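Trainee: What follows is the file my_file-v2.cif, containing mmCIF, C-alpha atoms:
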data_entry
loop_
_atom_site.group_PDB
_atom_site.id
_atom_site.type_symbol
_atom_site.label_atom_id
_atom_site.label_comp_id
_atom_site.auth_asym_id
_atom_site.auth_seq_id
_atom_site.Cartn_x
_atom_site.Cartn_y
_atom_site.Cartn_z
ATOM 1 C CA MET A 42 16.608 117.279 4.633
ATOM 2 C CA ARG A 43 13.811 116.901 7.147
ATOM 3 C CA ILE A 44 13.900 119.648 9.778
ATOM 4 C CA THR A 45 13.466 118.290 13.314
ATOM 5 C CA VAL A 46 12.454 119.681 16.680
ATOM 6 C CA GLN A 47 16.090 119.263 17.710
ATOM 7 C CA ASP A 48 17.128 121.594 14.862
ATOM 8 C CA ILE A 49 14.631 124.180 16.075
ATOM 9 C CA LEU A 50 15.789 123.849 19.694
ATOM 10 C CA LYS A 51 19.344 124.556 18.496
ATOM 11 C CA ALA A 52 18.043 127.591 16.599
ATOM 12 C CA LYS A 53 16.324 128.832 19.746
ATOM 13 C CA LYS A 54 19.545 128.597 21.713
ATOM 14 C CA ARG A 55 21.406 130.322 18.884
ATOM 15 C CA ILE A 56 19.079 133.328 18.547
ATOM 16 C CA SER A 57 17.856 133.736 22.138
ATOM 17 C CA PRO A 58 20.369 136.496 23.033
ATOM 18 C CA TYR A 59 18.989 138.676 20.237
ATOM 19 C CA ILE A 60 15.187 138.300 20.414
ATOM 20 C CA ILE A 61 12.435 138.545 23.015
ATOM 21 C CA GLU A 62 9.867 135.929 24.027
ATOM 22 C CA THR A 63 6.691 137.579 22.833
ATOM 23 C CA PRO A 64 3.558 137.588 25.013
ATOM 24 C CA LEU A 65 0.533 135.360 24.520
ATOM 25 C CA GLU A 66 -2.512 137.558 25.079
ATOM 26 C CA TYR A 67 -5.985 136.263 25.895
ATOM 27 C CA SER A 68 -8.758 137.917 23.877
ATOM 28 C CA GLU A 69 -11.788 138.026 26.137
ATOM 29 C CA ILE A 70 -13.976 139.792 23.579
ATOM 30 C CA LEU A 71 -13.148 137.412 20.730
ATOM 31 C CA SER A 72 -13.454 134.374 22.987
ATOM 32 C CA LYS A 73 -17.010 135.426 23.823
ATOM 33 C CA GLU A 74 -17.820 136.037 20.147
ATOM 34 C CA ILE A 75 -16.426 132.700 18.965
ATOM 35 C CA GLY A 76 -17.473 130.609 21.955
ATOM 36 C CA THR A 77 -14.057 129.259 22.942
ATOM 37 C CA GLU A 78 -10.715 130.503 24.289
ATOM 38 C CA ILE A 79 -8.819 132.611 21.731
ATOM 39 C CA TYR A 80 -5.227 133.742 22.293
ATOM 40 C CA LEU A 81 -3.011 136.107 20.306
ATOM 41 C CA LYS A 82 0.733 135.461 19.974
ATOM 42 C CA LEU A 83 2.135 138.985 19.702
ATOM 43 C CA GLU A 84 4.985 138.770 17.208
ATOM 44 C CA ASN A 85 4.167 142.376 16.300
ATOM 45 C CA LEU A 86 6.077 143.157 19.511
ATOM 46 C CA GLN A 87 9.165 141.197 18.410
ATOM 47 C CA VAL A 88 12.413 143.049 17.665
ATOM 48 C CA SER A 89 12.073 144.941 14.358
ATOM 49 C CA GLY A 90 8.283 144.451 14.491
ATOM 50 C CA SER A 91 7.700 140.910 13.210
ATOM 51 C CA PHE A 92 8.773 137.274 13.532
ATOM 52 C CA LYS A 93 11.218 137.705 10.625
ATOM 53 C CA PRO A 94 14.435 138.238 12.676
ATOM 54 C CA ARG A 95 14.030 134.775 14.181
ATOM 55 C CA GLY A 96 14.888 133.292 10.803
ATOM 56 C CA GLY A 97 17.261 136.047 9.720
ATOM 57 C CA LEU A 98 19.392 135.741 12.841
ATOM 58 C CA ASN A 99 19.474 131.967 12.575
ATOM 59 C CA LYS A 100 20.474 132.140 8.896
ATOM 60 C CA ILE A 101 23.307 134.585 9.429
ATOM 61 C CA LEU A 102 24.628 132.954 12.619
ATOM 62 C CA LYS A 103 24.756 129.476 11.059
ATOM 63 C CA THR A 104 26.373 130.805 7.886
ATOM 64 C CA ILE A 105 29.122 132.874 9.511
ATOM 65 C CA GLU A 106 30.131 129.894 11.653
ATOM 66 C CA VAL A 107 31.635 128.408 8.490
ATOM 67 C CA ASN A 108 32.060 131.554 6.373
ATOM 68 C CA PRO A 109 32.699 134.621 8.556
ATOM 69 C CA LYS A 110 32.957 136.964 5.549
ATOM 70 C CA ALA A 111 29.693 135.872 3.907
ATOM 71 C CA GLU A 112 27.489 138.520 2.324
ATOM 72 C CA PHE A 113 23.756 137.987 1.966
ATOM 73 C CA VAL A 114 21.223 138.937 -0.696
ATOM 74 C CA ALA A 115 17.419 138.843 -0.513
ATOM 75 C CA PRO A 116 14.485 139.901 -2.707
ATOM 76 C CA THR A 117 11.565 141.223 -0.675
ATOM 77 C CA ALA A 118 8.401 143.300 -0.686
ATOM 78 C CA GLY A 119 9.781 144.892 2.474
ATOM 79 C CA GLY A 120 8.993 142.840 5.584
ATOM 80 C CA HIS A 121 11.668 140.197 4.982
ATOM 81 C CA GLY A 122 14.118 142.979 4.212
ATOM 82 C CA VAL A 123 13.447 144.725 7.514
ATOM 83 C CA GLY A 124 13.973 141.529 9.505
ATOM 84 C CA LEU A 125 17.074 140.394 7.618
ATOM 85 C CA SER A 126 18.731 143.823 7.587
ATOM 86 C CA TYR A 127 18.059 144.176 11.320
ATOM 87 C CA SER A 128 19.678 140.775 11.875
ATOM 88 C CA ALA A 129 22.677 141.780 9.763
ATOM 89 C CA LYS A 130 23.118 145.013 11.699
ATOM 90 C CA ILE A 131 23.039 143.216 15.055
ATOM 91 C CA LEU A 132 25.564 140.626 13.846
ATOM 92 C CA ASN A 133 27.756 143.056 11.862
ATOM 93 C CA ALA A 134 27.119 141.238 8.577
ATOM 94 C CA LYS A 135 26.653 142.705 5.110
ATOM 95 C CA VAL A 136 23.310 142.285 3.344
ATOM 96 C CA HIS A 137 21.971 143.417 -0.042
ATOM 97 C CA ILE A 138 18.202 144.008 -0.139
ATOM 98 C CA LEU A 139 16.405 144.007 -3.523
ATOM 99 C CA MET A 140 12.907 145.503 -3.507
ATOM 100 C CA PRO A 141 10.179 146.850 -5.785
ATOM 101 C CA GLU A 142 10.070 150.614 -6.353
ATOM 102 C CA SER A 143 6.654 150.657 -4.661
ATOM 103 C CA VAL A 144 8.093 149.564 -1.293
ATOM 104 C CA ASP A 145 6.419 151.108 1.761
ATOM 105 C CA SER A 146 8.218 154.263 2.907
ATOM 106 C CA ASP A 147 8.627 153.165 6.528
ATOM 107 C CA ARG A 148 10.032 149.780 5.525
ATOM 108 C CA LEU A 149 12.492 151.487 3.210
ATOM 109 C CA LYS A 150 13.530 153.836 6.017
ATOM 110 C CA ASP A 151 14.014 150.952 8.451
ATOM 111 C CA ILE A 152 16.148 149.002 5.974
ATOM 112 C CA LYS A 153 18.276 152.083 5.274
ATOM 113 C CA ASN A 154 18.722 152.703 8.997
ATOM 114 C CA ASN A 155 19.891 149.115 9.369
ATOM 115 C CA GLY A 156 22.739 149.878 6.975
ATOM 116 C CA ALA A 157 21.782 147.475 4.195
ATOM 117 C CA SER A 158 22.766 147.934 0.570
ATOM 118 C CA ILE A 159 19.482 148.678 -1.250
ATOM 119 C CA HIS A 160 18.536 148.138 -4.901
ATOM 120 C CA THR A 161 15.054 148.759 -6.345
ATOM 121 C CA PHE A 162 13.281 147.158 -9.313
ATOM 122 C CA LYS A 163 9.940 147.439 -11.049
ATOM 123 C CA SER A 164 8.646 144.240 -9.471
ATOM 124 C CA ILE A 165 9.395 141.453 -7.004
ATOM 125 C CA PRO A 166 10.011 138.912 -9.818
ATOM 126 C CA GLU A 167 12.670 141.216 -11.275
ATOM 127 C CA ALA A 168 14.265 141.605 -7.862
ATOM 128 C CA ARG A 169 14.295 137.824 -7.388
ATOM 129 C CA ILE A 170 15.965 137.240 -10.764
ATOM 130 C CA LYS A 171 18.676 139.799 -9.967
ATOM 131 C CA ALA A 172 19.233 138.327 -6.506
ATOM 132 C CA LYS A 173 19.801 134.907 -8.056
ATOM 133 C CA GLU A 174 22.262 136.442 -10.528
ATOM 134 C CA LEU A 175 24.198 138.065 -7.681
ATOM 135 C CA GLU A 176 24.268 134.746 -5.871
ATOM 136 C CA LYS A 177 26.078 133.196 -8.849
ATOM 137 C CA GLU A 178 28.219 136.169 -9.853
ATOM 138 C CA LYS A 179 29.309 137.465 -6.443
ATOM 139 C CA GLY A 180 28.952 134.388 -4.265
ATOM 140 C CA TYR A 181 26.385 136.077 -2.037
ATOM 141 C CA VAL A 182 24.223 133.837 0.151
ATOM 142 C CA PHE A 183 20.649 133.988 -1.182
ATOM 143 C CA VAL A 184 18.041 134.211 1.577
ATOM 144 C CA SER A 185 14.435 133.324 0.775
ATOM 145 C CA ALA A 186 11.842 134.494 3.273
ATOM 146 C CA TYR A 187 10.410 130.964 3.435
ATOM 147 C CA ASN A 188 12.131 128.493 1.081
ATOM 148 C CA ASP A 189 15.135 128.175 3.365
ATOM 149 C CA ILE A 190 15.985 125.658 6.096
ATOM 150 C CA GLU A 191 17.435 128.204 8.533
ATOM 151 C CA MET A 192 14.509 130.606 8.084
ATOM 152 C CA ILE A 193 12.066 127.796 8.861
ATOM 153 C CA GLU A 194 14.098 126.703 11.900
ATOM 154 C CA GLY A 195 14.086 130.269 13.221
ATOM 155 C CA ALA A 196 10.355 130.707 12.711
ATOM 156 C CA GLY A 197 9.799 127.379 14.451
ATOM 157 C CA THR A 198 11.083 128.848 17.713
ATOM 158 C CA ILE A 199 7.665 130.506 18.011
ATOM 159 C CA GLY A 200 6.256 127.002 18.465
ATOM 160 C CA ILE A 201 8.576 126.267 21.398
ATOM 161 C CA GLU A 202 7.496 129.477 23.137
ATOM 162 C CA LEU A 203 3.873 128.752 22.368
ATOM 163 C CA LEU A 204 3.918 125.301 23.950
ATOM 164 C CA ASN A 205 5.572 126.719 27.057
ATOM 165 C CA GLN A 206 2.910 129.416 27.302
ATOM 166 C CA ALA A 207 -0.107 127.283 26.333
ATOM 167 C CA PRO A 208 0.738 123.569 26.587
ATOM 168 C CA ASP A 209 -2.931 122.660 26.098
ATOM 169 C CA ILE A 210 -3.332 124.465 22.756
ATOM 170 C CA ASP A 211 -5.413 122.368 20.370
ATOM 171 C CA CYS A 212 -5.654 124.679 17.320
ATOM 172 C CA LEU A 213 -3.335 127.113 15.531
ATOM 173 C CA VAL A 214 -4.458 129.560 12.823
ATOM 174 C CA CYS A 215 -1.853 131.122 10.498
ATOM 175 C CA GLY A 216 -1.926 133.555 7.646
ATOM 176 C CA VAL A 217 0.159 131.965 4.886
ATOM 177 C CA GLY A 218 2.532 133.448 2.335
ATOM 178 C CA GLY A 219 5.267 130.999 1.449
ATOM 179 C CA GLY A 220 4.470 128.895 4.492
ATOM 180 C CA GLY A 221 7.794 129.235 6.300
ATOM 181 C CA TYR A 222 6.576 130.052 9.770
ATOM 182 C CA LEU A 223 3.628 127.674 9.477
ATOM 183 C CA ALA A 224 6.068 124.888 8.589
ATOM 184 C CA GLY A 225 8.426 125.720 11.444
ATOM 185 C CA ILE A 226 5.746 126.003 14.108
ATOM 186 C CA GLY A 227 3.990 122.923 12.729
ATOM 187 C CA ILE A 228 7.140 120.816 13.098
ATOM 188 C CA VAL A 229 7.211 121.628 16.804
ATOM 189 C CA LEU A 230 3.498 121.386 17.554
ATOM 190 C CA LYS A 231 2.889 118.160 15.644
ATOM 191 C CA ALA A 232 5.952 116.464 17.157
ATOM 192 C CA ILE A 233 4.754 117.185 20.688
ATOM 193 C CA ASN A 234 1.028 116.688 20.075
ATOM 194 C CA PRO A 235 -0.073 115.303 16.679
ATOM 195 C CA ASN A 236 -3.696 116.065 17.587
ATOM 196 C CA ILE A 237 -3.190 119.828 17.386
ATOM 197 C CA LYS A 238 -5.003 121.123 14.299
ATOM 198 C CA ILE A 239 -3.480 123.792 12.065
ATOM 199 C CA TYR A 240 -5.477 126.001 9.692
ATOM 200 C CA GLY A 241 -3.975 128.183 6.982
ATOM 201 C CA VAL A 242 -5.657 131.400 5.867
ATOM 202 C CA GLN A 243 -5.123 133.294 2.613
ATOM 203 C CA GLN A 244 -6.761 136.259 0.911
ATOM 204 C CA GLU A 245 -9.188 135.623 -1.942
ATOM 205 C CA ASN A 246 -7.158 137.901 -4.240
ATOM 206 C CA ALA A 247 -4.080 135.676 -4.032
ATOM 207 C CA PRO A 248 -4.877 132.182 -2.689
ATOM 208 C CA PHE A 249 -1.926 130.483 -4.388
ATOM 209 C CA ILE A 250 -0.987 127.909 -1.745
ATOM 210 C CA ALA A 251 -4.630 127.430 -0.733
ATOM 211 C CA ASN A 252 -5.404 126.427 -4.321
ATOM 212 C CA TRP A 253 -2.379 124.114 -4.399
ATOM 213 C CA PHE A 254 -3.487 122.489 -1.152
ATOM 214 C CA GLN A 255 -7.088 122.020 -2.220
ATOM 215 C CA THR A 256 -6.339 120.639 -5.703
ATOM 216 C CA LYS A 257 -3.036 118.880 -4.837
ATOM 217 C CA LYS A 258 -1.729 120.268 -8.121
ATOM 218 C CA TYR A 259 0.792 123.072 -8.499
ATOM 219 C CA PRO A 260 -1.134 126.123 -9.822
ATOM 220 C CA GLU A 261 0.457 126.782 -13.212
ATOM 221 C CA ASN A 262 -0.332 130.267 -14.597
ATOM 222 C CA PHE A 263 -2.546 130.949 -11.596
ATOM 223 C CA SER A 264 -4.343 134.301 -11.831
ATOM 224 C CA MET A 265 -3.946 136.588 -8.827
ATOM 225 C CA ASN A 266 -4.899 140.177 -8.047
ATOM 226 C CA PRO A 267 -3.150 142.817 -5.933
ATOM 227 C CA SER A 268 -3.892 142.573 -2.223
ATOM 228 C CA ILE A 269 -3.528 144.856 0.773
ATOM 229 C CA ALA A 270 -1.936 141.849 2.492
ATOM 230 C CA GLU A 271 1.093 142.241 0.246
ATOM 231 C CA GLY A 272 3.401 140.259 2.522
ATOM 232 C CA ILE A 273 1.567 136.979 1.906
ATOM 233 C CA GLY A 274 -0.210 135.130 -0.868
ATOM 234 C CA ALA A 275 2.382 135.510 -3.607
ATOM 235 C CA GLU A 276 3.257 132.801 -6.114
ATOM 236 C CA VAL A 277 5.824 130.378 -4.677
ATOM 237 C CA GLU A 278 8.317 128.064 -6.347
ATOM 238 C CA LYS A 279 7.225 124.580 -7.335
ATOM 239 C CA ASP A 280 10.144 123.102 -5.412
ATOM 240 C CA THR A 281 9.617 125.094 -2.213
ATOM 241 C CA ILE A 282 10.605 123.010 0.813
ATOM 242 C CA THR A 283 7.604 124.352 2.737
ATOM 243 C CA TRP A 284 5.068 122.465 0.594
ATOM 244 C CA ASP A 285 5.569 119.020 2.121
ATOM 245 C CA TYR A 286 5.125 120.433 5.629
ATOM 246 C CA ILE A 287 2.016 122.389 4.625
ATOM 247 C CA ASN A 288 0.501 119.386 2.882
ATOM 248 C CA GLU A 289 1.195 117.199 5.915
ATOM 249 C CA PHE A 290 0.288 119.550 8.752
ATOM 250 C CA VAL A 291 -2.616 121.709 7.556
ATOM 251 C CA GLU A 292 -6.182 120.635 8.319
ATOM 252 C CA ASP A 293 -7.692 123.061 5.818
ATOM 253 C CA PHE A 294 -7.299 126.459 4.202
ATOM 254 C CA LEU A 295 -9.773 129.291 4.759
ATOM 255 C CA ILE A 296 -10.227 132.279 2.458
ATOM 256 C CA VAL A 297 -10.910 135.871 3.531
ATOM 257 C CA SER A 298 -11.732 138.979 1.492
ATOM 258 C CA GLU A 299 -9.865 142.266 1.312
ATOM 259 C CA GLU A 300 -12.644 143.948 3.271
ATOM 260 C CA GLU A 301 -12.513 141.277 5.973
ATOM 261 C CA ILE A 302 -8.759 141.853 6.318
ATOM 262 C CA LYS A 303 -9.380 145.600 6.664
ATOM 263 C CA ASP A 304 -12.043 144.925 9.292
ATOM 264 C CA SER A 305 -9.570 142.780 11.234
ATOM 265 C CA VAL A 306 -6.976 145.574 11.244
ATOM 266 C CA ARG A 307 -9.633 147.898 12.624
ATOM 267 C CA TRP A 308 -10.764 145.234 15.094
ATOM 268 C CA ILE A 309 -7.319 144.657 16.588
ATOM 269 C CA ILE A 310 -6.670 148.390 16.947
ATOM 270 C CA LYS A 311 -10.057 148.996 18.548
ATOM 271 C CA ASN A 312 -10.165 145.992 20.876
ATOM 272 C CA HIS A 313 -6.516 145.289 21.729
ATOM 273 C CA LYS A 314 -4.770 148.561 20.810
ATOM 274 C CA HIS A 315 -2.247 146.750 18.610
ATOM 275 C CA TYR A 316 -0.878 148.308 15.422
ATOM 276 C CA VAL A 317 -0.630 145.432 12.925
ATOM 277 C CA GLU A 318 -0.359 145.566 9.134
ATOM 278 C CA PRO A 319 -2.888 143.701 6.945
ATOM 279 C CA SER A 320 -0.613 140.709 6.242
ATOM 280 C CA GLY A 321 -0.284 140.113 9.968
ATOM 281 C CA VAL A 322 -4.001 139.836 10.779
ATOM 282 C CA VAL A 323 -5.077 137.358 8.103
ATOM 283 C CA GLY A 324 -5.195 134.489 10.618
ATOM 284 C CA LEU A 325 -7.345 136.637 12.907
ATOM 285 C CA ALA A 326 -9.637 137.433 9.971
ATOM 286 C CA GLY A 327 -10.096 133.700 9.430
ATOM 287 C CA ILE A 328 -11.182 133.142 13.028
ATOM 288 C CA ILE A 329 -13.636 136.046 12.921
ATOM 289 C CA LYS A 330 -15.150 134.904 9.610
ATOM 290 C CA TYR A 331 -15.470 131.199 10.437
ATOM 291 C CA PRO A 332 -16.553 130.931 14.104
ATOM 292 C CA LYS A 333 -18.188 127.522 13.580
ATOM 293 C CA VAL A 334 -14.844 126.056 12.509
ATOM 294 C CA PHE A 335 -13.163 127.118 15.740
ATOM 295 C CA ASN A 336 -15.766 126.884 18.490
ATOM 296 C CA ASN A 337 -15.271 123.110 18.504
ATOM 297 C CA TYR A 338 -11.766 123.610 19.928
ATOM 298 C CA ASN A 339 -10.826 124.480 23.499
ATOM 299 C CA LYS A 340 -7.824 126.772 23.015
ATOM 300 C CA VAL A 341 -7.176 128.487 19.678
ATOM 301 C CA VAL A 342 -4.081 130.597 18.962
ATOM 302 C CA THR A 343 -3.367 132.937 16.077
ATOM 303 C CA ILE A 344 -0.226 134.963 15.461
ATOM 304 C CA LEU A 345 -0.162 138.723 14.975
ATOM 305 C CA THR A 346 2.938 139.910 13.135
ATOM 306 C CA GLY A 347 4.157 143.013 11.341
ATOM 307 C CA ARG A 348 3.993 146.612 12.533
ATOM 308 C CA ASN A 349 6.233 148.169 9.880
ATOM 309 C CA MET A 350 3.669 149.572 7.455
ATOM 310 C CA SER A 351 3.669 153.374 7.415
ATOM 311 C CA TYR A 352 0.814 155.108 9.218
ATOM 312 C CA ASP A 353 -0.148 157.063 6.089
ATOM 313 C CA LYS A 354 -0.363 153.892 3.967
ATOM 314 C CA LEU A 355 -2.406 152.112 6.620
ATOM 315 C CA LEU A 356 -4.848 155.017 6.817
ATOM 316 C CA LYS A 357 -5.187 155.017 3.037
ATOM 317 C CA ILE A 358 -5.921 151.276 3.034
ATOM 318 C CA LEU A 359 -8.579 151.665 5.710
ATOM 319 C CA GLU A 360 -10.410 154.554 3.973
#
Written as structure tokens, that's how I'd like the structure from this file.
Mentor:
Amino acid sequence: MRITVQDILKAKKRISPYIIETPLEYSEILSKEIGTEIYLKLENLQVSGSFKPRGGLNKILKTIEVNPKAEFVAPTAGGHGVGLSYSAKILNAKVHILMPESVDSDRLKDIKNNGASIHTFKSIPEARIKAKELEKEKGYVFVSAYNDIEMIEGAGTIGIELLNQAPDIDCLVCGVGGGGYLAGIGIVLKAINPNIKIYGVQQENAPFIANWFQTKKYPENFSMNPSIAEGIGAEVEKDTITWDYINEFVEDFLIVSEEEIKDSVRWIIKNHKHYVEPSGVVGLAGIIKYPKVFNNYNKVVTILTGRNMSYDKLLKILE
């Protein structure tokens, strides 16, 4: 099913009582460095600390309209679990979060405080397999962070806000994991102005979708390394519904290093006083690394998202 702007407008109406419209902040220092206007969409200030509740709220609200007693299950490295468990708490729904044992301490604490049922595994793949088993055995509603219509619709509400705040935007830069929020925002932006260009950014340790995009072939047995941007860049399913949107909407993919991601975390703290985890600054890292790509545009926007990494872990990463 093709998701439409009308679907995303309905999602916006559905979730509006539970979220905030996040600010769009002009970066004077970065605009001078790049040579064009650069704006930051501050989803790090969203409820629960990232854009994730937009999709989580939409998923739960649409589901309980037809099945009020539905229970939800989701595998996650942590960020998706925080957003979905927050959504479940607000809507008095039951959610089961399956995570790796290495989950960040602050994310684990947030998910516990949201009242979710928590199960830990040695790895994300193990958690995903168990979540799928519970879907079949218990009838739980499986919630992917990206490969899910309602999650994409919810993320797309960022695009509606963005066009209201900056109707003359001509370029969007997104860090990409599974591509859910890129797909959702892209549906809105491209429907209103097909000339808006969208760039995806991934880390060189795990450029799964970037490789898929550049070769137009699904990366079988693709070799990836651990990354500090753990919330993005993982292997995605061959049948993910985000692929067609990514393939259609994205102008190009840019690759950034682990050190460049670290530098961008430092940069945003130093210059804008925003606490953002590595996964949430990958788009910013792309702009900083490739100024010649972006100084041909008039108004460039990137999204900052994710403030749930523990302070101790962030300090260790930035050592």
Trainee: Decode the PyMOL selection byres ((chain A and resi 188) around 6) for the given file into explicit residues and return them as a count of residues only.
Mentor: 5
Trainee: Find the distance between atom CA of Val317 of chain A and atom CA of Leu345 of chain A and write it in Å to one decimal.
Mentor: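 Between atom CA of Val317 of chain A and atom CA of Leu345 of chain A the gap works out to 7.0 Å.
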Trainee: Quick one: residues within 9 Å of segment 166-177 of chain A, only C-alpha atoms, excluding same-chain residues fewer than 5 positions away - as a list in words?
Mentor: Phe113, Val114, Ala115, Pro116, Thr117, His137, Ile138, Leu139, Met140, Pro141, His160, Thr161, Val182 and Phe183 of chain A
Trainee: Calculate how many Å separate atom CA of Ile56 of chain A from atom CA of Gly90 of chain A, rounding to one decimal.
Mentor: 16.0 Å
Trainee: Excluding segment 151-154 of chain A and residues on its chain fewer than 3 positions from it, collect all residues at most 10 Å away from it, counting all atoms listed in the file, and give them as an MDAnalysis selection string.
Mentor: chainID A and resid 89 119:127 130 138 146:148 157:159 349
Trainee: Put those residues in a file: C-alpha atoms, as a compact mmCIF listing (two decimals), in the frame of the given file.
Mentor:
# COMPACT_ATOMS: atom_id res chain seq x y z
CA SER A 89 12.07 144.94 14.36
CA GLY A 119 9.78 144.89 2.47
CA GLY A 120 8.99 142.84 5.58
CA HIS A 121 11.67 140.20 4.98
CA GLY A 122 14.12 142.98 4.21
CA VAL A 123 13.45 144.72 7.51
CA GLY A 124 13.97 141.53 9.51
CA LEU A 125 17.07 140.39 7.62
CA SER A 126 18.73 143.82 7.59
CA TYR A 127 18.06 144.18 11.32
CA LYS A 130 23.12 145.01 11.70
CA ILE A 138 18.20 144.01 -0.14
CA SER A 146 8.22 154.26 2.91
CA ASP A 147 8.63 153.16 6.53
CA ARG A 148 10.03 149.78 5.52
CA ALA A 157 21.78 147.48 4.20
CA SER A 158 22.77 147.93 0.57
CA ILE A 159 19.48 148.68 -1.25
CA ASN A 349 6.23 148.17 9.88
Trainee: Excluding same-chain residues fewer than 2 positions from Arg95 of chain A, what lies within 10 Å of it counting only C-alpha atoms, as number ranges by chain?
Mentor: A: 52-53, 55-57, 59-61, 87-88, 91-93, 97-100, 124-125, 128, 191-199, 222
Trainee: Any chance you could resolve the PyMOL selection byres ((chain A and resi 237-254) around 6) against this file and give the residues as a compact mmCIF listing (two decimals) with C-alpha atoms, in the frame of the given file?
Mentor:
# COMPACT_ATOMS: atom_id res chain seq x y z
CA ASP A 211 -5.41 122.37 20.37
CA CYS A 212 -5.65 124.68 17.32
CA LEU A 213 -3.34 127.11 15.53
CA VAL A 214 -4.46 129.56 12.82
CA CYS A 215 -1.85 131.12 10.50
CA GLY A 216 -1.93 133.56 7.65
CA VAL A 217 0.16 131.96 4.89
CA ASN A 234 1.03 116.69 20.08
CA PRO A 235 -0.07 115.30 16.68
CA ASN A 236 -3.70 116.06 17.59
CA GLN A 255 -7.09 122.02 -2.22
CA THR A 256 -6.34 120.64 -5.70
CA LYS A 257 -3.04 118.88 -4.84
CA LYS A 258 -1.73 120.27 -8.12
CA TYR A 259 0.79 123.07 -8.50
CA PRO A 260 -1.13 126.12 -9.82
CA MET A 265 -3.95 136.59 -8.83
CA ASN A 266 -4.90 140.18 -8.05
CA GLY A 274 -0.21 135.13 -0.87
CA GLU A 276 3.26 132.80 -6.11
CA VAL A 291 -2.62 121.71 7.56
CA GLU A 292 -6.18 120.64 8.32
CA ASP A 293 -7.69 123.06 5.82
CA PHE A 294 -7.30 126.46 4.20
CA LEU A 295 -9.77 129.29 4.76
CA ILE A 296 -10.23 132.28 2.46
CA VAL A 297 -10.91 135.87 3.53
CA SER A 298 -11.73 138.98 1.49
CA GLY A 324 -5.20 134.49 10.62
Trainee: May I ask for the distance between atom CA of Ile233 of chain A and atom CA of Pro208 of chain A, given in Å to one decimal place?
Mentor: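 Interatomic distance, atom CA of Ile233 of chain A to atom CA of Pro208 of chain A: 9.6 Å.
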Trainee: So, counting all atoms listed in the file, which residue among A:Tyr80, A:Glu142, A:Val136, A:Pro64 is closest to Gly156 of chain A?
Mentor: A:Val136
Trainee: List every protein, DNA or RNA residue that has at least one atom no more than 10 Å from (-13.8, 134.3, 10.0) in the file's coordinates, counting only C-alpha atoms, and write the result as an MDAnalysis selection string.
Mentor: chainID A and resid 75 242 295:298 301:302 305 323:335
Trainee: Using all atoms of segment 75-87 of chain A listed in the file and a margin of 4 Å per side, can you give the axis-aligned box centre and edge lengths in Å to one decimal, as lines of an AutoDock Vina configuration file?
Mentor:
center_x = -4.2
center_y = 136.2
center_z = 20.3
size_x = 34.6
size_y = 21.9
size_z = 16.0
Trainee: Closest to Leu132 of chain A among A:Thr346, A:Pro58, A:Ile201, A:Lys179, using all atoms listed in the file?
Mentor: A:Pro58
Trainee: Pick out the residues sitting within 8 Å of Ala224 of chain A, and hand them over as a VMD selection string; count all atoms listed in the file, and ignore anything fewer than 4 positions along from it in its own chain.
Mentor: chain A and resid 193 197 220 228 283 286 to 287 290
Trainee: Of the candidates A:Lys73, A:Leu359, A:Gly225, A:Gly321, which shows the shortest atom-to-atom distance to Gly200 of chain A, using all atoms listed in the file?
Mentor: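 Once distances to Gly200 of chain A are computed over all atoms listed in the file, the minimum belongs to A:Gly225.
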Trainee: Residues within 8 Å of Ile210 of chain A, please, as a PyMOL selection string. Count all atoms listed in the file; anything in the same chain fewer than 5 positions from it doesn't count.
Mentor: chain A and resi 204+237+339-342
Trainee: Carefully work through the PyMOL selection byres ((chain A and resi 312) around 10) for this structure and note down the residues it includes, as number ranges by chain.
Mentor: A: 68-71, 307-311, 313-315
Trainee: I'd like to know which of A:Lys150, A:Lys354, A:Lys110, A:Lys303 is closest to Lys135 of chain A, using only C-alpha atoms.
Mentor: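 Under the stated criterion, the closest residue is A:Lys110.
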Trainee: Smallest atom-to-atom distance to Ala186 of chain A: which of A:Asn133, A:Ile273, A:Ser143, A:Asn262, using only C-alpha atoms?
Mentor: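 Checking each candidate against Ala186 of chain A, we get A:Ile273 as the closest.
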